[in-house]
>>> print(open('entry_26.pdb').read())   # PDB, C-alpha atoms
ATOM      1  CA  MET Z  24       6.561  24.134  40.486  1.00  0.00           C
ATOM      2  CA  SER Z  25       3.527  22.741  42.264  1.00  0.00           C
ATOM      3  CA  PRO Z  26       1.739  24.915  44.873  1.00  0.00           C
ATOM      4  CA  ASP Z  27       2.982  22.690  47.720  1.00  0.00           C
ATOM      5  CA  ARG Z  28       6.552  23.070  46.393  1.00  0.00           C
ATOM      6  CA  LYS Z  29       7.060  19.315  46.497  1.00  0.00           C
ATOM      7  CA  SER Z  30       7.326  18.714  42.771  1.00  0.00           C
ATOM      8  CA  ALA Z  31       8.540  20.602  39.730  1.00  0.00           C
ATOM      9  CA  ALA Z  32       8.873  20.135  35.961  1.00  0.00           C
ATOM     10  CA  LEU Z  33      12.066  21.205  34.236  1.00  0.00           C
ATOM     11  CA  GLN Z  34      11.951  21.750  30.486  1.00  0.00           C
ATOM     12  CA  PHE Z  35      15.072  21.557  28.342  1.00  0.00           C
ATOM     13  CA  PRO Z  36      14.662  22.710  24.725  1.00  0.00           C
ATOM     14  CA  ILE Z  37      16.482  20.344  22.355  1.00  0.00           C
ATOM     15  CA  ALA Z  38      17.688  21.291  18.892  1.00  0.00           C
ATOM     16  CA  PRO Z  39      16.632  19.153  15.887  1.00  0.00           C
ATOM     17  CA  ILE Z  40      18.918  16.128  16.348  1.00  0.00           C
ATOM     18  CA  SER Z  41      18.545  12.433  15.633  1.00  0.00           C
ATOM     19  CA  LEU Z  42      16.920  10.084  18.119  1.00  0.00           C
ATOM     20  CA  GLY Z  43      20.267   8.383  18.626  1.00  0.00           C
ATOM     21  CA  GLU Z  44      21.788  11.697  19.678  1.00  0.00           C
ATOM     22  CA  ARG Z  45      18.778  12.359  21.895  1.00  0.00           C
ATOM     23  CA  GLU Z  46      19.300   9.023  23.618  1.00  0.00           C
ATOM     24  CA  GLN Z  47      22.928   9.933  24.304  1.00  0.00           C
ATOM     25  CA  LEU Z  48      21.850  13.346  25.621  1.00  0.00           C
ATOM     26  CA  ILE Z  49      19.256  11.816  27.954  1.00  0.00           C
ATOM     27  CA  ASP Z  50      21.844   9.338  29.266  1.00  0.00           C
ATOM     28  CA  GLU Z  51      24.245  12.199  29.972  1.00  0.00           C
ATOM     29  CA  MET Z  52      21.521  14.190  31.765  1.00  0.00           C
ATOM     30  CA  GLN Z  53      20.649  11.151  33.854  1.00  0.00           C
ATOM     31  CA  ALA Z  54      24.328  10.740  34.762  1.00  0.00           C
ATOM     32  CA  ASP Z  55      24.415  14.398  35.841  1.00  0.00           C
ATOM     33  CA  VAL Z  56      21.367  13.822  38.052  1.00  0.00           C
ATOM     34  CA  ASP Z  57      23.049  10.804  39.650  1.00  0.00           C
ATOM     35  CA  GLN Z  58      26.127  12.877  40.360  1.00  0.00           C
ATOM     36  CA  SER Z  59      24.169  15.843  41.707  1.00  0.00           C
ATOM     37  CA  PHE Z  60      21.867  13.859  44.018  1.00  0.00           C
ATOM     38  CA  GLY Z  61      24.417  11.309  45.126  1.00  0.00           C
ATOM     39  CA  THR Z  62      22.832   7.894  45.550  1.00  0.00           C
ATOM     40  CA  VAL Z  63      19.377   8.866  44.337  1.00  0.00           C
ATOM     41  CA  ASP Z  64      17.495   6.213  42.328  1.00  0.00           C
ATOM     42  CA  ILE Z  65      16.110   7.454  39.034  1.00  0.00           C
ATOM     43  CA  ASP Z  66      12.568   6.583  38.111  1.00  0.00           C
ATOM     44  CA  VAL Z  67      12.764   5.827  34.388  1.00  0.00           C
ATOM     45  CA  SER Z  68       9.056   5.157  33.963  1.00  0.00           C
ATOM     46  CA  ILE Z  69       7.920   6.975  30.829  1.00  0.00           C
ATOM     47  CA  ALA Z  70       4.414   7.920  29.792  1.00  0.00           C
ATOM     48  CA  GLY Z  71       3.124   5.402  27.273  1.00  0.00           C
ATOM     49  CA  PHE Z  72       5.638   2.736  28.339  1.00  0.00           C
ATOM     50  CA  PRO Z  73       4.483   1.599  31.830  1.00  0.00           C
ATOM     51  CA  GLU Z  74       6.465  -1.628  31.606  1.00  0.00           C
ATOM     52  CA  ILE Z  75       9.744   0.334  31.528  1.00  0.00           C
ATOM     53  CA  GLY Z  76      11.282   1.160  34.861  1.00  0.00           C
ATOM     54  CA  GLY Z  77       8.461   0.126  37.191  1.00  0.00           C
ATOM     55  CA  PRO Z  78       7.062   2.042  40.168  1.00  0.00           C
ATOM     56  CA  PRO Z  79       8.749   5.234  41.364  1.00  0.00           C
ATOM     57  CA  LYS Z  80      11.759   4.738  43.596  1.00  0.00           C
ATOM     58  CA  THR Z  81      13.263   7.144  46.101  1.00  0.00           C
ATOM     59  CA  GLY Z  82      16.788   7.534  47.371  1.00  0.00           C
ATOM     60  CA  PRO Z  83      18.019   8.546  50.820  1.00  0.00           C
ATOM     61  CA  ASP Z  84      17.218  12.192  50.144  1.00  0.00           C
ATOM     62  CA  LYS Z  85      13.645  11.339  49.118  1.00  0.00           C
ATOM     63  CA  THR Z  86      14.197  12.785  45.656  1.00  0.00           C
ATOM     64  CA  ASN Z  87      12.372  11.346  42.683  1.00  0.00           C
ATOM     65  CA  VAL Z  88      13.349  12.096  39.061  1.00  0.00           C
ATOM     66  CA  SER Z  89      11.453  10.981  35.950  1.00  0.00           C
ATOM     67  CA  GLN Z  90      12.114  11.438  32.241  1.00  0.00           C
ATOM     68  CA  ALA Z  91       9.236  12.710  30.157  1.00  0.00           C
ATOM     69  CA  GLY Z  92       8.455  14.510  26.923  1.00  0.00           C
ATOM     70  CA  ILE Z  93       8.709  13.706  23.237  1.00  0.00           C
ATOM     71  CA  ALA Z  94      12.455  13.070  23.359  1.00  0.00           C
ATOM     72  CA  ALA Z  95      12.187  10.382  26.037  1.00  0.00           C
ATOM     73  CA  VAL Z  96       9.139   8.748  24.456  1.00  0.00           C
ATOM     74  CA  GLY Z  97      10.749   8.816  20.994  1.00  0.00           C
ATOM     75  CA  VAL Z  98      13.943   7.171  22.230  1.00  0.00           C
ATOM     76  CA  GLU Z  99      12.041   4.349  23.945  1.00  0.00           C
ATOM     77  CA  LEU Z 100       9.824   3.921  20.882  1.00  0.00           C
ATOM     78  CA  VAL Z 101      12.845   3.479  18.626  1.00  0.00           C
ATOM     79  CA  LYS Z 102      14.326   0.937  21.037  1.00  0.00           C
ATOM     80  CA  LYS Z 103      11.139  -1.106  20.784  1.00  0.00           C
ATOM     81  CA  LEU Z 104      11.079  -0.767  17.003  1.00  0.00           C
ATOM     82  CA  GLU Z 105      14.661  -1.989  16.786  1.00  0.00           C
ATOM     83  CA  ALA Z 106      13.847  -4.950  19.022  1.00  0.00           C
ATOM     84  CA  ASN Z 107      10.832  -5.929  16.874  1.00  0.00           C
ATOM     85  CA  ARG Z 108      12.145  -4.917  13.455  1.00  0.00           C
ATOM     86  CA  GLN Z 109      12.936  -8.470  12.368  1.00  0.00           C
ATOM     87  CA  LEU Z 110       9.590  -9.670  13.677  1.00  0.00           C
ATOM     88  CA  ILE Z 111       7.803  -6.979  11.643  1.00  0.00           C
ATOM     89  CA  THR Z 112       9.716  -8.001   8.499  1.00  0.00           C
ATOM     90  CA  PHE Z 113       9.046 -11.723   8.940  1.00  0.00           C
ATOM     91  CA  ALA Z 114       5.393 -11.056   9.742  1.00  0.00           C
ATOM     92  CA  GLY Z 115       5.038  -9.041   6.532  1.00  0.00           C
ATOM     93  CA  LEU Z 116       6.706 -11.756   4.456  1.00  0.00           C
ATOM     94  CA  GLY Z 117       4.570 -14.434   6.106  1.00  0.00           C
ATOM     95  CA  ALA Z 118       1.348 -12.539   5.426  1.00  0.00           C
ATOM     96  CA  VAL Z 119       2.314 -12.030   1.769  1.00  0.00           C
ATOM     97  CA  ALA Z 120       3.302 -15.694   1.364  1.00  0.00           C
ATOM     98  CA  LEU Z 121       0.053 -16.910   2.920  1.00  0.00           C
ATOM     99  CA  TRP Z 122      -2.132 -14.719   0.719  1.00  0.00           C
ATOM    100  CA  LEU Z 123      -0.216 -15.691  -2.451  1.00  0.00           C
ATOM    101  CA  LEU Z 124      -0.517 -19.379  -1.565  1.00  0.00           C
ATOM    102  CA  ILE Z 125      -4.269 -18.996  -1.113  1.00  0.00           C
ATOM    103  CA  PHE Z 126      -4.593 -17.092  -4.389  1.00  0.00           C
ATOM    104  CA  TYR Z 127      -2.233 -19.112  -6.623  1.00  0.00           C
ATOM    105  CA  ARG Z 128      -2.533 -22.526  -4.910  1.00  0.00           C
ATOM    106  CA  ARG Z 129       0.919 -23.338  -6.280  1.00  0.00           C
ATOM    107  CA  LEU Z 130       3.960 -23.201  -4.047  1.00  0.00           C
ATOM    108  CA  TRP Z 131       6.435 -22.542  -6.869  1.00  0.00           C
ATOM    109  CA  LYS Z 132       4.574 -19.383  -7.855  1.00  0.00           C
ATOM    110  CA  VAL Z 133       4.816 -18.105  -4.297  1.00  0.00           C
ATOM    111  CA  VAL Z 134       8.555 -18.844  -4.310  1.00  0.00           C
ATOM    112  CA  LEU Z 135       9.026 -17.014  -7.621  1.00  0.00           C
ATOM    113  CA  VAL Z 136       7.335 -13.942  -6.177  1.00  0.00           C
ATOM    114  CA  LEU Z 137       9.186 -14.014  -2.868  1.00  0.00           C
ATOM    115  CA  ILE Z 138      12.715 -14.336  -4.300  1.00  0.00           C
ATOM    116  CA  PRO Z 139      12.794 -10.782  -5.771  1.00  0.00           C
ATOM    117  CA  VAL Z 140      11.007  -9.492  -2.662  1.00  0.00           C
ATOM    118  CA  LEU Z 141      13.652 -10.994  -0.367  1.00  0.00           C
ATOM    119  CA  ILE Z 142      16.412  -9.529  -2.521  1.00  0.00           C
ATOM    120  CA  ALA Z 143      14.702  -6.134  -2.384  1.00  0.00           C
ATOM    121  CA  VAL Z 144      14.450  -6.303   1.434  1.00  0.00           C
ATOM    122  CA  GLY Z 145      18.149  -7.123   1.682  1.00  0.00           C
ATOM    123  CA  LEU Z 146      19.121  -4.329  -0.710  1.00  0.00           C
ATOM    124  CA  SER Z 147      16.940  -1.917   1.252  1.00  0.00           C
ATOM    125  CA  SER Z 148      18.869  -2.694   4.437  1.00  0.00           C
ATOM    126  CA  VAL Z 149      22.162  -2.160   2.611  1.00  0.00           C
ATOM    127  CA  VAL Z 150      20.963   1.160   1.187  1.00  0.00           C
ATOM    128  CA  THR Z 151      19.731   2.311   4.597  1.00  0.00           C
ATOM    129  CA  PHE Z 152      23.068   1.441   6.196  1.00  0.00           C
ATOM    130  CA  ALA Z 153      25.062   3.080   3.377  1.00  0.00           C
ATOM    131  CA  THR Z 154      23.119   6.337   3.578  1.00  0.00           C
ATOM    132  CA  GLY Z 155      23.447   6.506   7.365  1.00  0.00           C
ATOM    133  CA  ILE Z 156      19.714   7.096   7.863  1.00  0.00           C
ATOM    134  CA  THR Z 157      18.806   6.288  11.459  1.00  0.00           C
ATOM    135  CA  LEU Z 158      15.764   4.300  12.539  1.00  0.00           C
ATOM    136  CA  SER Z 159      12.815   6.412  13.652  1.00  0.00           C
ATOM    137  CA  PRO Z 160       9.053   5.939  14.019  1.00  0.00           C
ATOM    138  CA  MET Z 161       8.710   7.110  10.396  1.00  0.00           C
ATOM    139  CA  THR Z 162      11.614   5.221   8.793  1.00  0.00           C
ATOM    140  CA  SER Z 163      10.705   1.979  10.584  1.00  0.00           C
ATOM    141  CA  VAL Z 164       8.134   1.291   7.837  1.00  0.00           C
ATOM    142  CA  SER Z 165      10.910   0.701   5.286  1.00  0.00           C
ATOM    143  CA  ALA Z 166      10.789  -3.125   5.294  1.00  0.00           C
ATOM    144  CA  PRO Z 167       6.969  -3.447   5.041  1.00  0.00           C
ATOM    145  CA  LEU Z 168       6.992  -0.769   2.343  1.00  0.00           C
ATOM    146  CA  VAL Z 169       9.573  -2.630   0.257  1.00  0.00           C
ATOM    147  CA  ILE Z 170       7.684  -5.908   0.690  1.00  0.00           C
ATOM    148  CA  ALA Z 171       4.374  -4.375  -0.415  1.00  0.00           C
ATOM    149  CA  THR Z 172       5.798  -2.392  -3.344  1.00  0.00           C
ATOM    150  CA  CYS Z 173       8.012  -5.139  -4.734  1.00  0.00           C
ATOM    151  CA  THR Z 174       5.253  -7.748  -4.365  1.00  0.00           C
ATOM    152  CA  GLU Z 175       2.915  -5.561  -6.403  1.00  0.00           C
ATOM    153  CA  PHE Z 176       5.456  -5.141  -9.208  1.00  0.00           C
ATOM    154  CA  VAL Z 177       6.359  -8.836  -9.272  1.00  0.00           C
ATOM    155  CA  VAL Z 178       2.773 -10.113  -9.245  1.00  0.00           C
ATOM    156  CA  LEU Z 179       1.791  -7.874 -12.156  1.00  0.00           C
ATOM    157  CA  ILE Z 180       4.818  -8.900 -14.230  1.00  0.00           C
ATOM    158  CA  LEU Z 181       4.140 -12.576 -13.478  1.00  0.00           C
ATOM    159  CA  ALA Z 182       0.487 -12.177 -14.485  1.00  0.00           C
ATOM    160  CA  ARG Z 183       1.401 -10.512 -17.776  1.00  0.00           C
ATOM    161  CA  TYR Z 184       3.989 -13.190 -18.533  1.00  0.00           C
ATOM    162  CA  TRP Z 185       1.435 -15.906 -17.845  1.00  0.00           C
ATOM    163  CA  GLU Z 186      -1.117 -14.233 -20.108  1.00  0.00           C
ATOM    164  CA  GLU Z 187       1.331 -14.060 -23.006  1.00  0.00           C
ATOM    165  CA  ARG Z 188       2.335 -17.695 -22.549  1.00  0.00           C
ATOM    166  CA  GLU Z 189      -1.347 -18.689 -22.632  1.00  0.00           C
ATOM    167  CA  ARG Z 190      -1.592 -16.937 -25.992  1.00  0.00           C
ATOM    168  CA  GLY Z 191       1.054 -19.287 -27.336  1.00  0.00           C
ATOM    169  CA  ARG Z 192       4.107 -17.027 -27.178  1.00  0.00           C
ATOM    170  CA  THR Z 193       7.562 -18.377 -26.412  1.00  0.00           C
ATOM    171  CA  PRO Z 194       9.254 -17.392 -23.129  1.00  0.00           C
ATOM    172  CA  GLU Z 195      11.377 -14.793 -24.928  1.00  0.00           C
ATOM    173  CA  GLU Z 196       8.323 -13.309 -26.614  1.00  0.00           C
ATOM    174  CA  ALA Z 197       6.351 -13.383 -23.353  1.00  0.00           C
ATOM    175  CA  ILE Z 198       9.131 -11.494 -21.568  1.00  0.00           C
ATOM    176  CA  ASP Z 199       9.421  -8.986 -24.398  1.00  0.00           C
ATOM    177  CA  VAL Z 200       5.697  -8.374 -24.780  1.00  0.00           C
ATOM    178  CA  GLY Z 201       4.563  -8.862 -21.202  1.00  0.00           C
ATOM    179  CA  GLY Z 202       7.527  -8.064 -18.978  1.00  0.00           C
ATOM    180  CA  VAL Z 203       9.353  -5.355 -20.897  1.00  0.00           C
ATOM    181  CA  ARG Z 204       6.304  -3.397 -21.986  1.00  0.00           C
ATOM    182  CA  ILE Z 205       4.644  -3.404 -18.599  1.00  0.00           C
ATOM    183  CA  GLY Z 206       8.062  -2.652 -17.141  1.00  0.00           C
ATOM    184  CA  ARG Z 207       8.051   0.696 -18.906  1.00  0.00           C
ATOM    185  CA  ALA Z 208       4.825   1.590 -17.131  1.00  0.00           C
ATOM    186  CA  PHE Z 209       6.382   0.474 -13.833  1.00  0.00           C
ATOM    187  CA  VAL Z 210       9.434   2.638 -14.433  1.00  0.00           C
ATOM    188  CA  ALA Z 211       7.294   5.677 -15.168  1.00  0.00           C
ATOM    189  CA  SER Z 212       5.068   5.041 -12.147  1.00  0.00           C
ATOM    190  CA  GLY Z 213       7.983   4.233  -9.852  1.00  0.00           C
ATOM    191  CA  LEU Z 214      10.038   7.262 -10.835  1.00  0.00           C
ATOM    192  CA  THR Z 215       6.993   9.469 -10.326  1.00  0.00           C
ATOM    193  CA  THR Z 216       6.641   8.112  -6.800  1.00  0.00           C
ATOM    194  CA  VAL Z 217      10.373   8.559  -6.191  1.00  0.00           C
ATOM    195  CA  GLY Z 218      10.169  12.167  -7.353  1.00  0.00           C
ATOM    196  CA  GLY Z 219       7.172  12.856  -5.133  1.00  0.00           C
ATOM    197  CA  PHE Z 220       8.901  11.630  -1.978  1.00  0.00           C
ATOM    198  CA  ILE Z 221      12.378  12.952  -2.752  1.00  0.00           C
ATOM    199  CA  VAL Z 222      10.944  16.463  -2.503  1.00  0.00           C
ATOM    200  CA  LEU Z 223      10.737  15.881   1.248  1.00  0.00           C
ATOM    201  CA  ALA Z 224      14.547  15.914   1.301  1.00  0.00           C
ATOM    202  CA  VAL Z 225      14.469  19.723   1.367  1.00  0.00           C
ATOM    203  CA  SER Z 226      12.623  19.691   4.698  1.00  0.00           C
ATOM    204  CA  PRO Z 227      14.618  21.172   7.616  1.00  0.00           C
ATOM    205  CA  PHE Z 228      13.299  18.470   9.970  1.00  0.00           C
ATOM    206  CA  PRO Z 229      15.504  15.339  10.082  1.00  0.00           C
ATOM    207  CA  LEU Z 230      12.609  12.921  10.576  1.00  0.00           C
ATOM    208  CA  VAL Z 231      10.773  14.263   7.526  1.00  0.00           C
ATOM    209  CA  TRP Z 232      13.676  14.395   5.069  1.00  0.00           C
ATOM    210  CA  GLN Z 233      14.984  11.001   6.183  1.00  0.00           C
ATOM    211  CA  PHE Z 234      11.535   9.515   5.642  1.00  0.00           C
ATOM    212  CA  GLY Z 235      11.257  11.051   2.166  1.00  0.00           C
ATOM    213  CA  VAL Z 236      14.713   9.896   1.060  1.00  0.00           C
ATOM    214  CA  LEU Z 237      14.214   6.397   2.469  1.00  0.00           C
ATOM    215  CA  VAL Z 238      10.826   5.896   0.817  1.00  0.00           C
ATOM    216  CA  ALA Z 239      12.203   7.107  -2.516  1.00  0.00           C
ATOM    217  CA  LEU Z 240      15.175   4.738  -2.296  1.00  0.00           C
ATOM    218  CA  ASN Z 241      12.965   1.832  -1.244  1.00  0.00           C
ATOM    219  CA  VAL Z 242      10.613   2.288  -4.191  1.00  0.00           C
ATOM    220  CA  LEU Z 243      13.637   2.423  -6.496  1.00  0.00           C
ATOM    221  CA  VAL Z 244      15.079  -0.748  -4.965  1.00  0.00           C
ATOM    222  CA  ALA Z 245      11.737  -2.569  -5.305  1.00  0.00           C
ATOM    223  CA  LEU Z 246      11.475  -1.485  -8.941  1.00  0.00           C
ATOM    224  CA  ILE Z 247      14.984  -2.663  -9.792  1.00  0.00           C
ATOM    225  CA  ALA Z 248      14.540  -5.996  -8.011  1.00  0.00           C
ATOM    226  CA  ALA Z 249      11.289  -6.713  -9.869  1.00  0.00           C
ATOM    227  CA  LEU Z 250      12.534  -5.728 -13.341  1.00  0.00           C
ATOM    228  CA  VAL Z 251      16.037  -7.204 -13.107  1.00  0.00           C
ATOM    229  CA  VAL Z 252      15.578 -10.371 -11.030  1.00  0.00           C
ATOM    230  CA  LEU Z 253      12.146 -11.656 -12.082  1.00  0.00           C
ATOM    231  CA  PRO Z 254      12.398 -11.932 -15.931  1.00  0.00           C
ATOM    232  CA  PRO Z 255      15.371 -14.357 -16.016  1.00  0.00           C
ATOM    233  CA  LEU Z 256      13.865 -16.209 -13.072  1.00  0.00           C
ATOM    234  CA  LEU Z 257      10.611 -16.695 -14.984  1.00  0.00           C
ATOM    235  CA  MET Z 258      12.417 -18.003 -18.055  1.00  0.00           C
ATOM    236  CA  TRP Z 259      14.457 -20.413 -15.937  1.00  0.00           C
ATOM    237  CA  ALA Z 260      11.347 -21.748 -14.233  1.00  0.00           C
ATOM    238  CA  ASP Z 261       9.532 -21.998 -17.558  1.00  0.00           C
ATOM    239  CA  ARG Z 262      12.244 -24.276 -18.953  1.00  0.00           C
ATOM    240  CA  ASN Z 263      12.638 -26.361 -15.819  1.00  0.00           C
ATOM    241  CA  PRO Z 264      11.022 -29.773 -16.409  1.00  0.00           C
ATOM    242  CA  ARG Z 265      10.420 -30.232 -12.673  1.00  0.00           C
ATOM    243  CA  ILE Z 266       7.960 -27.329 -12.633  1.00  0.00           C
ATOM    244  CA  LYS Z 267       4.673 -28.464 -14.113  1.00  0.00           C
ATOM    245  CA  SER Z 268       1.736 -26.479 -15.515  1.00  0.00           C
ATOM    246  CA  PHE Z 269       3.817 -23.358 -16.021  1.00  0.00           C
ATOM    247  CA  SER Z 270       3.581 -23.141 -19.817  1.00  0.00           C
ATOM    248  CA  PRO Z 271       0.044 -23.186 -21.157  1.00  0.00           C
ATOM    249  CA  GLY Z 272       1.396 -22.004 -24.515  1.00  0.00           C
ATOM    250  CA  LYS Z 273       4.238 -23.399 -26.609  1.00  0.00           C
ATOM    251  CA  ARG Z 274       6.418 -25.610 -24.441  1.00  0.00           C
ATOM    252  CA  PRO Z 275      10.017 -24.335 -24.580  1.00  0.00           C
ATOM    253  CA  GLU Z 276      13.073 -26.539 -24.848  1.00  0.00           C
ATOM    254  CA  PRO Z 277      13.919 -27.992 -21.406  1.00  0.00           C
ATOM    255  CA  LEU Z 278      17.100 -27.075 -19.585  1.00  0.00           C
ATOM    256  CA  ALA Z 279      20.111 -29.191 -20.431  1.00  0.00           C
ATOM    257  CA  GLY Z 280      20.804 -31.790 -17.743  1.00  0.00           C
TER     258      GLY Z 280
END
>>> encode(input="entry_26.pdb", output="structure tokens")
Amino acid sequence: MSPDRKSAALQFPIAPISLGEREQLIDEMQADVDQSFGTVDIDVSIAGFPEIGGPPKTGPDKTNVSQAGIAAVGVELVKKLEANRQLITFAGLGAVALWLLIFYRRLWKVVLVLIPVLIAVGLSSVVTFATGITLSPMTSVSAPLVIATCTEFVVLILARYWEERERGRTPEEAIDVGGVRIGRAFVASGLTTVGGFIVLAVSPFPLVWQFGVLVALNVLVALIAALVVLPPLLMWADRNPRIKSFSPGKRPEPLAG
């Protein structure tokens, strides 16, 4: 309590619970305040989020109540992340597409890279929903992480395939020599990363173990999308007569029809 006894700070210890449960708890506490003070207006301005709530407001009894602390800030942060989650995903995809277009200077190559990436992003959302992992400041990086990881895998496989085709190999040989062999290195590297992050699952803190599990699953999803989706996609594009300058080596038989 302040020396003039006109203001006070009340601290309520909260057990390790999810941010969704914290939001529900804060709403219940605010409802209790409304009931206790009658018609008092609650000032919901929160440190770090000045645009929320606005200036302090007072009720008939001149009482002013404000939320504060990590719980309140975390809840509002997650709300903003949820509101901008699609924007973050589309911004990441747009940045990747722009850089690939500048580097490759061929639109079809950009499309070939983005198809497995888009599939990986969709699978990541399904996995997140199936596991029941809630959105938090740490788990909100899932979509950009999948985009970055899957793009890396896909670009390297595409580069190796292109190199083998330039050496005169057929599409099947290029996939076997370039895609499959480099895929083994990807599997070893990816599983190592998965193992490193899955260790965080033993943490007693929900934010930490959820982050570890989600990153591990996302790397696994990116790996599967790159190794399963891209090879047949490359062979299809290689045999498509509408796609030019794809086969520097032996030209394969075109697709029927």
>>> resolve_selection(input="entry_26.pdb", expression="the PyMOL selection byres ((chain Z and resi 243) around 12)", output="ChimeraX atom specification")
/Z:143-144,146-147,150,168-169,172-173,176,209-218,220-221,236-242,244-251
>>> residues_around(input="entry_26.pdb", residues="Trp185 (chain Z)", least_positions_apart="3", cutoff="8 Å", atoms="all atoms listed in the file", output="number ranges by chain")
Z: 181-182, 188-189, 197, 270
>>> resolve_selection(input="entry_26.pdb", expression="the PyMOL selection byres ((chain Z and resi 134-136) around 8)", output="list of chain:residue names")
Z:Leu130, Z:Trp131, Z:Lys132, Z:Val133, Z:Leu137, Z:Ile138, Z:Pro139, Z:Val140, Z:Thr174, Z:Val177, Z:Val178, Z:Leu253, Z:Leu256, Z:Leu257
>>> residues_around(input="entry_26.pdb", residues="Glu195 (chain Z)", least_positions_apart="6", cutoff="10 Å", atoms="only C-alpha atoms", output="list of chain:residue names")
Z:Tyr184, Z:Arg188, Z:Gly201, Z:Gly202, Z:Pro254, Z:Pro255, Z:Met258, Z:Pro275
>>> atom_distance(input="entry_26.pdb", atom1="CA of Phe228 (chain Z)", atom2="CA of Ala38 (chain Z)")
10.3 Å
>>> atom_distance(input="entry_26.pdb", atom1="CA of Ile205 (chain Z)", atom2="CA of Asp261 (chain Z)")
19.3 Å
>>> axis_aligned_box(input="entry_26.pdb", around="region 239-257 of chain Z", padding_each_side="4 Å", output="AutoDock Vina command-line options")
--center_x 13.3 --center_y -4.8 --center_z -8.6 --size_x 13.4 --size_y 31.8 --size_z 22.8
>>> closest_residue(input="entry_26.pdb", among="Z:Glu175, Z:Val222, Z:Ser30, Z:Ile180", to="Arg204 (chain Z)", atoms="all atoms listed in the file")
Z:Ile180
>>> closest_residue(input="entry_26.pdb", among="Z:Trp122, Z:Arg129, Z:Gln109, Z:Leu116", to="Ile266 (chain Z)", atoms="all atoms listed in the file")
Z:Arg129
>>> atom_distance(input="entry_26.pdb", atom1="CA of Asp55 (chain Z)", atom2="CA of Pro26 (chain Z)")
26.6 Å
